$ cat input_38.csv   # CSV, C-alpha atoms
chain,number,residue,atom,x,y,z
A,20,MET,CA,-10.3,14.5,23.4
A,21,ILE,CA,-6.7,14.5,22.0
A,22,LYS,CA,-4.4,16.0,24.5
A,23,ASN,CA,-0.9,14.7,23.9
A,24,ILE,CA,1.0,14.5,20.6
A,25,GLN,CA,4.3,12.9,19.8
A,26,VAL,CA,6.0,12.4,16.5
A,27,LYS,CA,9.0,10.0,16.3
A,28,ASP,CA,11.7,9.4,13.7
A,29,VAL,CA,12.2,5.6,13.7
A,30,ARG,CA,14.7,3.9,11.5
A,31,PHE,CA,15.7,0.2,11.1
A,32,LYS,CA,18.8,-0.9,9.2
A,33,LEU,CA,18.2,-4.2,7.4
A,34,ASP,CA,20.3,-7.3,7.6
A,35,GLY,CA,22.4,-8.4,4.6
A,36,ASN,CA,21.0,-7.2,1.2
A,37,ALA,CA,17.4,-7.3,2.3
A,38,GLY,CA,15.3,-4.5,0.8
A,39,SER,CA,17.6,-3.8,-2.2
A,40,ASP,CA,16.2,-3.1,-5.6
A,41,ALA,CA,17.5,-1.6,-8.9
A,42,ILE,CA,17.2,2.0,-7.6
A,43,HIS,CA,17.4,1.6,-3.8
A,44,ARG,CA,20.6,-0.3,-3.2
A,45,ASP,CA,20.9,0.1,0.6
A,46,PRO,CA,17.6,1.2,2.1
A,47,ILE,CA,17.0,2.0,5.7
A,48,TYR,CA,13.4,1.1,6.5
A,49,SER,CA,12.1,4.2,8.3
A,50,TYR,CA,8.9,5.7,9.7
A,51,ALA,CA,7.6,9.0,10.6
A,52,VAL,CA,5.4,7.9,13.5
A,53,THR,CA,2.6,10.0,14.8
A,54,GLU,CA,1.1,9.3,18.2
A,55,LEU,CA,-2.2,11.0,19.3
A,56,GLN,CA,-3.1,10.3,22.9
A,57,ASP,CA,-6.6,11.2,24.1
A,58,ASP,CA,-7.8,11.9,27.7
A,59,SER,CA,-8.7,8.3,28.3
A,60,GLY,CA,-5.1,7.3,27.7
A,61,LEU,CA,-5.6,5.6,24.3
A,62,ILE,CA,-2.8,6.3,21.8
A,63,GLY,CA,-3.5,6.3,18.0
A,64,THR,CA,-0.4,5.4,16.1
A,65,GLY,CA,0.1,6.3,12.4
A,66,LEU,CA,2.9,5.6,10.0
A,67,ALA,CA,4.4,7.1,6.9
A,68,PHE,CA,7.3,5.1,5.2
A,69,THR,CA,10.6,6.4,3.9
A,70,LEU,CA,14.0,4.8,3.2
A,71,GLY,CA,16.1,6.9,5.7
A,72,GLU,CA,17.3,10.3,4.7
A,73,GLY,CA,14.6,12.9,4.9
A,74,ASN,CA,12.6,11.0,7.5
A,75,ASP,CA,13.2,13.9,9.9
A,76,LEU,CA,11.6,16.3,7.4
A,77,VAL,CA,8.5,14.2,7.3
A,78,CYS,CA,8.4,14.2,11.1
A,79,LYS,CA,8.6,17.9,11.2
A,80,ALA,CA,5.7,18.3,8.8
A,81,ALA,CA,3.7,15.7,10.6
A,82,GLN,CA,4.1,17.7,13.8
A,83,PHE,CA,2.5,20.7,12.1
A,84,TYR,CA,-0.5,18.7,10.9
A,85,ALA,CA,-0.9,16.8,14.2
A,86,GLU,CA,-1.2,20.0,16.2
A,87,LYS,CA,-4.4,20.8,14.3
A,88,PHE,CA,-6.0,17.9,16.2
A,89,ARG,CA,-5.1,18.9,19.7
A,90,GLY,CA,-8.2,19.3,21.8
A,91,LYS,CA,-10.5,17.6,19.3
A,92,ASP,CA,-12.7,14.5,19.9
A,93,ILE,CA,-11.8,11.6,17.6
A,94,GLU,CA,-15.4,10.7,16.9
A,95,GLU,CA,-16.2,14.3,15.8
A,96,VAL,CA,-13.0,14.3,13.7
A,97,MET,CA,-13.8,11.1,11.9
A,98,GLY,CA,-17.5,12.0,11.4
A,99,ASP,CA,-16.3,14.6,8.8
A,100,PHE,CA,-12.7,13.6,8.2
A,101,GLY,CA,-13.0,14.2,4.4
A,102,SER,CA,-13.5,17.9,5.0
A,103,ILE,CA,-10.5,18.0,7.4
A,104,PHE,CA,-8.3,16.1,4.9
A,105,LEU,CA,-9.2,18.5,2.2
A,106,GLN,CA,-8.4,21.5,4.4
A,107,LEU,CA,-5.1,20.1,5.6
A,108,SER,CA,-3.9,18.9,2.2
A,109,ASN,CA,-4.6,22.3,0.7
A,110,GLU,CA,-3.0,24.2,3.6
A,111,GLN,CA,-1.8,27.2,1.5
A,112,GLN,CA,1.9,27.3,2.4
A,113,PHE,CA,2.4,23.5,2.7
A,114,ARG,CA,0.5,23.0,-0.6
A,115,TRP,CA,3.3,24.8,-2.4
A,116,LEU,CA,5.6,21.9,-1.3
A,117,GLY,CA,3.4,19.4,-3.0
A,118,PRO,CA,0.6,19.6,-3.9
A,119,HIS,CA,-0.5,16.3,-2.5
A,120,LYS,CA,2.9,14.6,-2.8
A,121,GLY,CA,6.3,14.4,-1.2
A,122,VAL,CA,7.3,15.2,2.3
A,123,VAL,CA,4.1,17.1,3.2
A,124,HIS,CA,1.7,14.4,1.9
A,125,LEU,CA,3.7,11.7,3.7
A,126,ALA,CA,3.3,13.7,6.8
A,127,LEU,CA,-0.4,13.9,6.3
A,128,ALA,CA,-0.5,10.1,5.9
A,129,SER,CA,1.2,9.6,9.2
A,130,VAL,CA,-1.3,11.8,11.0
A,131,THR,CA,-4.3,10.5,9.1
A,132,ASN,CA,-3.4,6.9,9.9
A,133,ALA,CA,-3.0,7.8,13.6
A,134,CYS,CA,-6.6,9.2,13.5
A,135,TYR,CA,-7.9,6.0,12.1
A,136,ASP,CA,-6.0,3.9,14.6
A,137,LEU,CA,-7.3,6.0,17.5
A,138,TRP,CA,-10.8,5.8,16.2
A,139,ALA,CA,-10.7,2.0,16.1
A,140,LYS,CA,-9.1,1.7,19.5
A,141,LYS,CA,-11.8,4.1,20.9
A,142,ARG,CA,-14.5,1.8,19.6
A,143,GLY,CA,-12.6,-1.3,20.9
A,144,VAL,CA,-12.4,-3.1,17.5
A,145,PRO,CA,-9.8,-3.9,14.8
A,146,LEU,CA,-9.7,-1.3,12.0
A,147,TRP,CA,-11.1,-3.8,9.5
A,148,LYS,CA,-14.1,-4.3,11.7
A,149,LEU,CA,-14.7,-0.6,12.2
A,150,LEU,CA,-14.6,0.1,8.5
A,151,ILE,CA,-16.9,-2.8,7.3
A,152,ASP,CA,-19.5,-1.8,9.9
A,153,LEU,CA,-19.7,1.8,8.7
A,154,SER,CA,-22.6,2.8,6.4
A,155,PRO,CA,-21.8,4.0,2.9
A,156,GLU,CA,-22.5,7.6,3.9
A,157,GLN,CA,-20.2,7.3,6.9
A,158,ILE,CA,-17.4,5.9,4.8
A,159,VAL,CA,-17.7,8.7,2.2
A,160,ASN,CA,-17.7,11.3,5.0
A,161,THR,CA,-14.1,10.3,5.7
A,162,LEU,CA,-13.0,10.8,2.1
A,163,ASP,CA,-11.8,13.8,0.0
A,164,LEU,CA,-13.2,13.4,-3.5
A,165,SER,CA,-12.0,16.7,-4.8
A,166,TYR,CA,-10.5,16.6,-8.3
A,167,LEU,CA,-12.3,13.4,-8.9
A,168,GLU,CA,-15.7,14.9,-9.7
A,169,ASP,CA,-15.4,13.9,-13.4
A,170,GLU,CA,-15.2,10.2,-12.3
A,171,LEU,CA,-16.6,9.9,-8.8
A,172,THR,CA,-19.0,12.2,-7.1
A,173,ARG,CA,-20.2,11.8,-3.5
A,174,GLU,CA,-23.5,10.4,-4.6
A,175,GLN,CA,-21.7,7.9,-7.0
A,176,ALA,CA,-19.3,6.8,-4.2
A,177,ILE,CA,-22.2,6.1,-1.8
A,178,SER,CA,-24.1,4.2,-4.5
A,179,LEU,CA,-21.0,2.2,-5.5
A,180,ILE,CA,-20.5,1.1,-1.8
A,181,ALA,CA,-24.2,0.4,-1.3
A,182,GLY,CA,-24.3,-1.7,-4.5
A,183,GLN,CA,-21.8,-4.1,-2.9
A,184,GLN,CA,-24.0,-4.9,0.2
A,185,ASP,CA,-25.4,-8.1,-1.4
A,186,GLY,CA,-22.7,-10.7,-1.0
A,187,SER,CA,-20.8,-8.9,1.7
A,188,LEU,CA,-21.9,-11.4,4.3
A,189,ALA,CA,-20.7,-14.3,2.2
A,190,ARG,CA,-17.4,-12.5,1.6
A,191,GLN,CA,-16.8,-12.4,5.4
A,192,SER,CA,-15.7,-16.0,5.1
A,193,VAL,CA,-12.2,-14.5,4.4
A,194,LEU,CA,-12.0,-13.6,8.1
A,195,GLU,CA,-11.9,-17.4,8.9
A,196,THR,CA,-9.8,-18.6,6.0
A,197,GLY,CA,-7.3,-15.7,6.1
A,198,TYR,CA,-6.2,-13.4,3.3
A,199,PRO,CA,-3.7,-14.9,0.8
A,200,GLY,CA,-0.1,-13.4,0.9
A,201,TYR,CA,2.7,-13.4,-1.6
A,202,ASP,CA,6.4,-13.5,-0.8
A,203,THR,CA,8.2,-10.3,-2.0
A,204,SER,CA,11.5,-11.1,-0.3
A,205,ILE,CA,12.7,-14.1,-2.3
A,206,GLY,CA,14.6,-12.0,-4.8
A,207,TRP,CA,16.0,-8.7,-3.5
A,208,PHE,CA,18.2,-7.1,-6.1
A,209,ASN,CA,21.5,-7.7,-4.4
A,210,TYR,CA,20.8,-11.4,-3.6
A,211,SER,CA,22.9,-13.9,-5.4
A,212,ASP,CA,21.4,-16.4,-7.9
A,213,GLU,CA,21.9,-19.1,-5.3
A,214,LYS,CA,20.1,-17.1,-2.6
A,215,VAL,CA,17.2,-16.5,-5.0
A,216,ARG,CA,16.9,-20.2,-5.7
A,217,GLU,CA,17.1,-21.1,-2.0
A,218,ASN,CA,14.5,-18.5,-1.1
A,219,CYS,CA,12.1,-19.8,-3.8
A,220,HIS,CA,12.2,-23.3,-2.4
A,221,LYS,CA,11.7,-21.9,1.1
A,222,ALA,CA,8.7,-19.8,0.1
A,223,ILE,CA,7.0,-22.8,-1.6
A,224,ALA,CA,7.6,-24.9,1.6
A,225,GLU,CA,6.0,-22.1,3.6
A,226,GLY,CA,2.8,-22.3,1.5
A,227,PHE,CA,3.2,-19.3,-0.7
A,228,THR,CA,1.6,-19.6,-4.2
A,229,ALA,CA,3.0,-16.3,-5.5
A,230,MET,CA,6.3,-14.5,-5.3
A,231,LYS,CA,8.2,-11.5,-6.6
A,232,LEU,CA,11.7,-11.0,-8.1
A,233,LYS,CA,13.5,-7.7,-8.4
A,234,VAL,CA,14.8,-6.9,-11.9
A,235,GLY,CA,16.3,-3.8,-13.6
A,236,SER,CA,19.9,-4.9,-13.9
A,237,ALA,CA,22.4,-3.0,-16.1
A,238,ASP,CA,22.8,-6.3,-17.9
A,239,PRO,CA,19.3,-7.5,-19.1
A,240,GLU,CA,20.6,-11.1,-19.3
A,241,ARG,CA,20.9,-11.1,-15.5
A,242,ASP,CA,17.2,-10.4,-15.2
A,243,ILE,CA,16.3,-13.0,-17.8
A,244,ARG,CA,18.5,-15.6,-16.1
A,245,ARG,CA,17.1,-14.9,-12.6
A,246,SER,CA,13.5,-14.8,-13.7
A,247,ASN,CA,13.9,-18.2,-15.3
A,248,ILE,CA,15.5,-19.5,-12.1
A,249,VAL,CA,12.3,-18.5,-10.2
A,250,ARG,CA,10.0,-19.9,-12.8
A,251,GLU,CA,12.0,-23.2,-12.8
A,252,VAL,CA,11.8,-23.6,-9.1
A,253,ALA,CA,8.3,-22.3,-8.7
A,254,GLY,CA,6.8,-24.2,-11.6
A,255,ASP,CA,3.9,-23.1,-13.8
A,256,ASN,CA,1.2,-23.0,-11.2
A,257,VAL,CA,2.9,-20.3,-9.0
A,258,LYS,CA,2.4,-16.7,-9.9
A,259,VAL,CA,5.7,-14.9,-10.4
A,260,MET,CA,5.9,-11.1,-10.5
A,261,LEU,CA,8.8,-9.0,-11.7
A,262,ASP,CA,9.6,-5.6,-10.2
A,263,ALA,CA,11.9,-3.1,-11.9
A,264,ASN,CA,11.4,-0.2,-9.4
A,265,GLN,CA,11.3,2.4,-12.2
A,266,GLN,CA,14.8,1.5,-13.6
A,267,TRP,CA,14.1,1.6,-17.3
A,268,ASN,CA,13.3,4.3,-19.8
A,269,LEU,CA,10.5,3.5,-22.2
A,270,PRO,CA,12.6,2.0,-25.1
A,271,GLN,CA,14.5,-0.1,-22.6
A,272,ALA,CA,11.3,-1.3,-21.0
A,273,ILE,CA,9.7,-2.3,-24.3
A,274,ALA,CA,12.8,-4.3,-25.2
A,275,ILE,CA,13.4,-6.1,-21.9
A,276,CYS,CA,9.7,-6.7,-21.1
A,277,GLY,CA,9.4,-8.3,-24.6
A,278,GLU,CA,12.0,-10.8,-23.4
A,279,LEU,CA,10.7,-11.3,-19.9
A,280,LYS,CA,7.3,-12.1,-21.3
A,281,LYS,CA,8.6,-15.5,-22.3
A,282,MET,CA,8.7,-16.7,-18.6
A,283,ASN,CA,5.0,-15.8,-18.2
A,284,PRO,CA,5.1,-13.2,-15.4
A,285,TYR,CA,1.8,-12.5,-13.6
A,286,TRP,CA,2.7,-8.8,-13.8
A,287,ILE,CA,5.7,-6.4,-14.4
A,288,GLU,CA,5.9,-3.8,-11.8
A,289,GLU,CA,7.1,-0.2,-11.9
A,290,PRO,CA,8.8,-0.5,-15.3
A,291,THR,CA,9.5,3.3,-15.7
A,292,HIS,CA,9.1,6.7,-14.2
A,293,PRO,CA,5.9,6.7,-12.0
A,294,ASP,CA,4.7,10.1,-13.3
A,295,ASP,CA,4.8,9.1,-16.9
A,296,VAL,CA,1.3,7.8,-17.4
A,297,LEU,CA,1.4,7.8,-21.2
A,298,ALA,CA,4.7,5.8,-21.2
A,299,HIS,CA,3.0,3.1,-19.2
A,300,LYS,CA,0.1,3.1,-21.6
A,301,THR,CA,2.4,2.6,-24.5
A,302,LEU,CA,4.2,-0.2,-22.7
A,303,ALA,CA,1.0,-1.9,-21.6
A,304,ASP,CA,-0.2,-2.0,-25.2
A,305,ALA,CA,3.1,-3.3,-26.4
A,306,ILE,CA,3.4,-6.2,-23.9
A,307,ALA,CA,-0.2,-7.3,-23.7
A,308,PRO,CA,-1.6,-9.7,-22.4
A,309,VAL,CA,1.1,-9.3,-19.6
A,310,LYS,CA,-0.2,-6.6,-17.3
A,311,LEU,CA,1.6,-3.7,-15.5
A,312,ALA,CA,1.3,-3.1,-11.8
A,313,LEU,CA,2.1,0.2,-10.2
A,314,GLY,CA,1.4,2.5,-7.3
A,315,GLU,CA,4.4,2.3,-4.9
A,316,HIS,CA,5.5,5.7,-6.0
A,317,VAL,CA,2.1,7.1,-7.1
A,318,PRO,CA,1.5,9.8,-4.5
A,319,ASN,CA,-2.2,10.7,-4.8
A,320,ARG,CA,-5.7,9.8,-6.1
A,321,VAL,CA,-5.5,12.2,-9.0
A,322,ILE,CA,-2.6,10.4,-10.7
A,323,PHE,CA,-4.2,7.0,-10.0
A,324,LYS,CA,-7.3,8.4,-11.7
A,325,ASN,CA,-5.2,9.2,-14.8
A,326,TYR,CA,-3.7,5.6,-14.8
A,327,LEU,CA,-7.2,4.2,-14.6
A,328,GLN,CA,-8.6,6.5,-17.3
A,329,THR,CA,-5.9,5.5,-19.7
A,330,GLY,CA,-6.1,1.8,-19.0
A,331,ALA,CA,-2.4,1.6,-18.4
A,332,ALA,CA,-2.5,-0.4,-15.1
A,333,GLY,CA,-3.7,-3.9,-14.7
A,334,PHE,CA,-3.1,-3.9,-10.9
A,335,ILE,CA,-3.1,-0.9,-8.6
A,336,GLN,CA,-0.6,-1.0,-5.7
A,337,VAL,CA,-1.8,2.0,-3.7
A,338,ASP,CA,0.0,2.2,-0.3
A,339,ALA,CA,-1.7,3.9,2.7
A,340,VAL,CA,1.7,4.9,4.1
A,341,ARG,CA,2.6,6.6,0.8
A,342,VAL,CA,-0.6,8.4,-0.4
A,343,GLY,CA,-2.4,10.5,2.2
A,344,GLY,CA,-3.2,7.7,4.5
A,345,VAL,CA,-6.3,5.4,4.9
A,346,SER,CA,-8.7,8.0,3.6
A,347,GLU,CA,-7.0,8.4,0.2
A,348,PHE,CA,-6.4,4.6,0.1
A,349,ILE,CA,-10.1,4.0,0.3
A,350,THR,CA,-10.8,6.8,-2.3
A,351,THR,CA,-8.4,5.1,-4.7
A,352,SER,CA,-9.9,1.7,-4.0
A,353,LEU,CA,-13.3,3.1,-5.0
A,354,LEU,CA,-11.9,4.4,-8.2
A,355,CYS,CA,-10.4,1.0,-8.9
A,356,LYS,CA,-13.7,-0.7,-8.2
A,357,LYS,CA,-15.5,1.5,-10.7
A,358,TYR,CA,-12.9,0.5,-13.3
A,359,GLY,CA,-12.8,-3.1,-12.4
A,360,VAL,CA,-9.0,-3.0,-11.6
A,361,PRO,CA,-7.7,-5.1,-8.7
A,362,VAL,CA,-6.1,-3.4,-5.7
A,363,VAL,CA,-2.9,-5.2,-4.5
A,364,PRO,CA,-1.3,-2.8,-2.1
A,365,HIS,CA,2.4,-2.1,-1.8
A,366,VAL,CA,3.2,-2.6,1.9
A,367,GLY,CA,5.5,0.1,3.2
A,368,ASP,CA,4.0,-0.7,6.6
A,369,MET,CA,5.1,-4.4,6.2
A,370,GLY,CA,1.5,-5.4,5.9
A,371,GLN,CA,0.5,-4.3,9.5
A,372,LEU,CA,-2.1,-1.7,8.4
A,373,HIS,CA,-2.9,-3.2,5.0
A,374,GLN,CA,-4.0,-6.5,6.4
A,375,HIS,CA,-7.0,-4.5,7.7
A,376,LEU,CA,-7.5,-2.5,4.5
A,377,VAL,CA,-7.6,-5.5,2.1
A,378,LEU,CA,-10.3,-7.1,4.3
A,379,PHE,CA,-12.3,-3.9,4.0
A,380,ASN,CA,-11.7,-3.8,0.2
A,381,HIS,CA,-12.9,-7.4,-0.2
A,382,ILE,CA,-15.8,-7.5,2.2
A,383,LYS,CA,-17.2,-4.0,1.9
A,384,LEU,CA,-16.2,-2.9,-1.7
A,385,GLY,CA,-16.3,-6.3,-3.3
A,386,HIS,CA,-12.8,-6.4,-4.6
A,387,GLU,CA,-11.3,-9.8,-5.3
A,388,ALA,CA,-9.3,-11.2,-2.4
A,389,LEU,CA,-6.3,-11.7,-4.7
A,390,PHE,CA,-3.3,-11.5,-2.3
A,391,LEU,CA,-1.3,-9.1,-0.2
A,392,GLU,CA,2.5,-8.5,-0.3
A,393,HIS,CA,4.4,-10.0,2.7
A,394,ILE,CA,7.7,-8.4,3.8
A,395,PRO,CA,9.0,-10.1,7.0
A,396,HIS,CA,12.0,-8.0,8.0
A,397,LEU,CA,10.5,-5.8,10.7
A,398,GLN,CA,8.1,-8.1,12.4
A,399,LYS,CA,10.0,-8.2,15.7
A,400,HIS,CA,9.6,-4.5,16.2
A,401,PHE,CA,5.8,-4.4,16.3
A,402,VAL,CA,3.6,-5.0,19.4
A,403,ASN,CA,1.2,-7.1,17.3
A,404,PRO,CA,3.1,-8.3,14.2
A,405,VAL,CA,1.3,-9.8,11.3
A,406,LYS,CA,0.7,-13.5,11.5
A,407,ILE,CA,1.3,-15.6,8.3
A,408,GLU,CA,0.4,-19.3,8.3
A,409,ASN,CA,0.8,-21.5,5.2
A,410,GLY,CA,1.2,-18.4,3.0
A,411,VAL,CA,-2.0,-16.7,4.4
A,412,TYR,CA,-2.5,-13.6,6.6
A,413,ILE,CA,-4.4,-14.5,9.8
A,414,THR,CA,-7.2,-12.0,10.6
A,415,PRO,CA,-6.0,-9.5,13.3
A,416,GLN,CA,-8.3,-9.3,16.4
A,417,VAL,CA,-6.6,-6.6,18.5
A,418,PRO,CA,-8.3,-3.2,18.5
A,419,GLY,CA,-6.7,-0.6,16.2
A,420,SER,CA,-4.6,-0.9,13.0
A,421,SER,CA,-1.7,-3.1,14.3
A,422,CYS,CA,0.9,-0.2,13.9
A,423,ASP,CA,2.2,0.1,17.5
A,424,PHE,CA,5.9,-0.3,17.9
A,425,LYS,CA,7.5,-2.0,20.9
$ encode --input "input_38.csv" --output "structure tokens"
Amino acid sequence: MIKNIQVKDVRFKLDGNAGSDAIHRDPIYSYAVTELQDDSGLIGTGLAFTLGEGNDLVCKAAQFYAEKFRGKDIEEVMGDFGSIFLQLSNEQQFRWLGPHKGVVHLALASVTNACYDLWAKKRGVPLWKLLIDLSPEQIVNTLDLSYLEDELTREQAISLIAGQQDGSLARQSVLETGYPGYDTSIGWFNYSDEKVRENCHKAIAEGFTAMKLKVGSADPERDIRRSNIVREVAGDNVKVMLDANQQWNLPQAIAICGELKKMNPYWIEEPTHPDDVLAHKTLADAIAPVKLALGEHVPNRVIFKNYLQTGAAGFIQVDAVRVGGVSEFITTSLLCKKYGVPVVPHVGDMGQLHQHLVLFNHIKLGHEALFLEHIPHLQKHFVNPVKIENGVYITPQVPGSSCDFK
């Protein structure tokens, strides 16, 4: 049973202009880290991601949630985790601070992810292995489907997972070939044009077949120039994504995206305010067939449901260290599967946890193995850092979710 609990405020200042975008000019990559230790000595580690200030507030809220697990057996907890998640996310006083978003939901993500990590370590397997070996009923037992009943009932969720069983064995070939990655660090916002060009050449040499550039400049001509630099270096066969990090209002987005369409972006990411579902729908219709990608700042399954219902999103970037953890990530992935929309996670965890979740998405849920974002800046701080070879994530083999820090 869980006997010791520790929550840590961990922050890493980045080198140079790494991590910069149109909104977040000098981020400090930070984590509210929850550690749940059981009486066998195993420690489950869970992360929630922030950019510095306020990380201590998330830690304080995580401490509150984590104490609810003291004295409990992890197998019993995970056998009915969906009910526990529902109870904690609706905790009457904390719910006023959300509901299901902000500091309190990030805190729940940290604790939830620690539970999944401990569960996998207890069973002695990587998290991806634990998840794909669960029955459809066992998976759904870990999920909170409240407020989704109009789209996804418990019975429908079980049926959806069961319906993907055929072909799951063949899809396990990805464990040998590795999961494709894309380089998201070629074009941070504060990088010079020369640095962007240099990084594009480097990414191609390292085997990446997709890459992303930060846009959202005060001068749209800068965005157009830089996007054309990337397209010129990458060529027509490489996927190039553009990420505005919510910088534009809707009229601005329609105008600039109309220009950026000319360099054939694979997607345009976070063009405007993440709560404005209808603005995204208007923009998506205006710039079709170019698709929108979003999810980095979408905090819960309900808003993802709305994006899917309106058809505003061509790619969903749900992040398990941003929504309520692995449980809500899987719930959102099920919604996306129903709608036939690809899941391409944002990786606030630097890909450590998500390398497991995309394998589950592909093998168990039948999602396309499209690619997973790769951000290299914190690799040296993890006990078992992600391994990328020739632009591909190598399947992790160590028990747990790969989130332990040195």
$ closest_atom_pairs --input "input_38.csv" --of "stretch 25-129 of chain A" --to "stretch 136-155 of chain A" --cutoff "10 Å" --atoms "only C-alpha atoms" --output "JSON lines"
{"residue": "A:Glu54", "atom": "CA", "partner": "A:Leu137", "partner_atom": "CA", "distance": 9.1}
{"residue": "A:Leu55", "atom": "CA", "partner": "A:Leu137", "partner_atom": "CA", "distance": 7.4}
{"residue": "A:Gln56", "atom": "CA", "partner": "A:Leu137", "partner_atom": "CA", "distance": 8.1}
{"residue": "A:Asp57", "atom": "CA", "partner": "A:Leu137", "partner_atom": "CA", "distance": 8.4}
{"residue": "A:Ser59", "atom": "CA", "partner": "A:Lys141", "partner_atom": "CA", "distance": 9.1}
{"residue": "A:Leu61", "atom": "CA", "partner": "A:Leu137", "partner_atom": "CA", "distance": 7.0}
{"residue": "A:Ile62", "atom": "CA", "partner": "A:Leu137", "partner_atom": "CA", "distance": 6.2}
{"residue": "A:Gly63", "atom": "CA", "partner": "A:Leu137", "partner_atom": "CA", "distance": 3.8}
{"residue": "A:Thr64", "atom": "CA", "partner": "A:Asp136", "partner_atom": "CA", "distance": 6.0}
{"residue": "A:Gly65", "atom": "CA", "partner": "A:Asp136", "partner_atom": "CA", "distance": 6.9}
{"residue": "A:Asp92", "atom": "CA", "partner": "A:Trp138", "partner_atom": "CA", "distance": 9.6}
{"residue": "A:Ile93", "atom": "CA", "partner": "A:Trp138", "partner_atom": "CA", "distance": 6.0}
{"residue": "A:Glu94", "atom": "CA", "partner": "A:Trp138", "partner_atom": "CA", "distance": 6.8}
{"residue": "A:Val96", "atom": "CA", "partner": "A:Trp138", "partner_atom": "CA", "distance": 9.1}
{"residue": "A:Met97", "atom": "CA", "partner": "A:Trp138", "partner_atom": "CA", "distance": 7.5}
$ closest_residue --input "input_38.csv" --among "A:Asn160, A:Asn409, A:Gln271, A:Gln336" --to "A:Val377" --atoms "all atoms listed in the file"
A:Gln336
$ residues_around --input "input_38.csv" --residues "A:Lys356" --least-positions-apart "4" --cutoff "12 Å" --atoms "only C-alpha atoms" --output "list in words"
Glu170, Leu171, Gln175, Ala176, Leu179, Ile180, Gly182, Gln183, Lys324, Leu327, Phe334, Ile335, Ile349, Thr350, Thr351, Ser352, Val360, Pro361, Val362, Asn380, His381, Lys383, Leu384, Gly385, His386 and Glu387 of chain A
$ closest_atom_pairs --input "input_38.csv" --of "stretch 350-402 of chain A" --to "stretch 69-83 of chain A" --cutoff "12 Å" --atoms "only C-alpha atoms" --output "JSON lines"
{"residue": "A:Val366", "atom": "CA", "partner": "A:Thr69", "partner_atom": "CA", "distance": 11.8}
{"residue": "A:Gly367", "atom": "CA", "partner": "A:Thr69", "partner_atom": "CA", "distance": 8.1}
{"residue": "A:Asp368", "atom": "CA", "partner": "A:Thr69", "partner_atom": "CA", "distance": 10.1}
$ atom_distance --input "input_38.csv" --atom1 "atom CA of A:Leu162" --atom2 "atom CA of A:Asn109"
14.3 Å
$ atom_distance --input "input_38.csv" --atom1 "atom CA of A:Pro284" --atom2 "atom CA of A:Ala263"
12.7 Å
$ atom_distance --input "input_38.csv" --atom1 "atom CA of A:Thr329" --atom2 "atom CA of A:Leu378"
27.5 Å
$ closest_residue --input "input_38.csv" --among "A:Ala133, A:Cys422, A:Leu107, A:Leu353" --to "A:Leu164" --atoms "all atoms listed in the file"
A:Leu353
$ closest_residue --input "input_38.csv" --among "A:Pro290, A:Pro118, A:Gly200, A:Gly254" --to "A:Gly410" --atoms "all atoms listed in the file"
A:Gly200
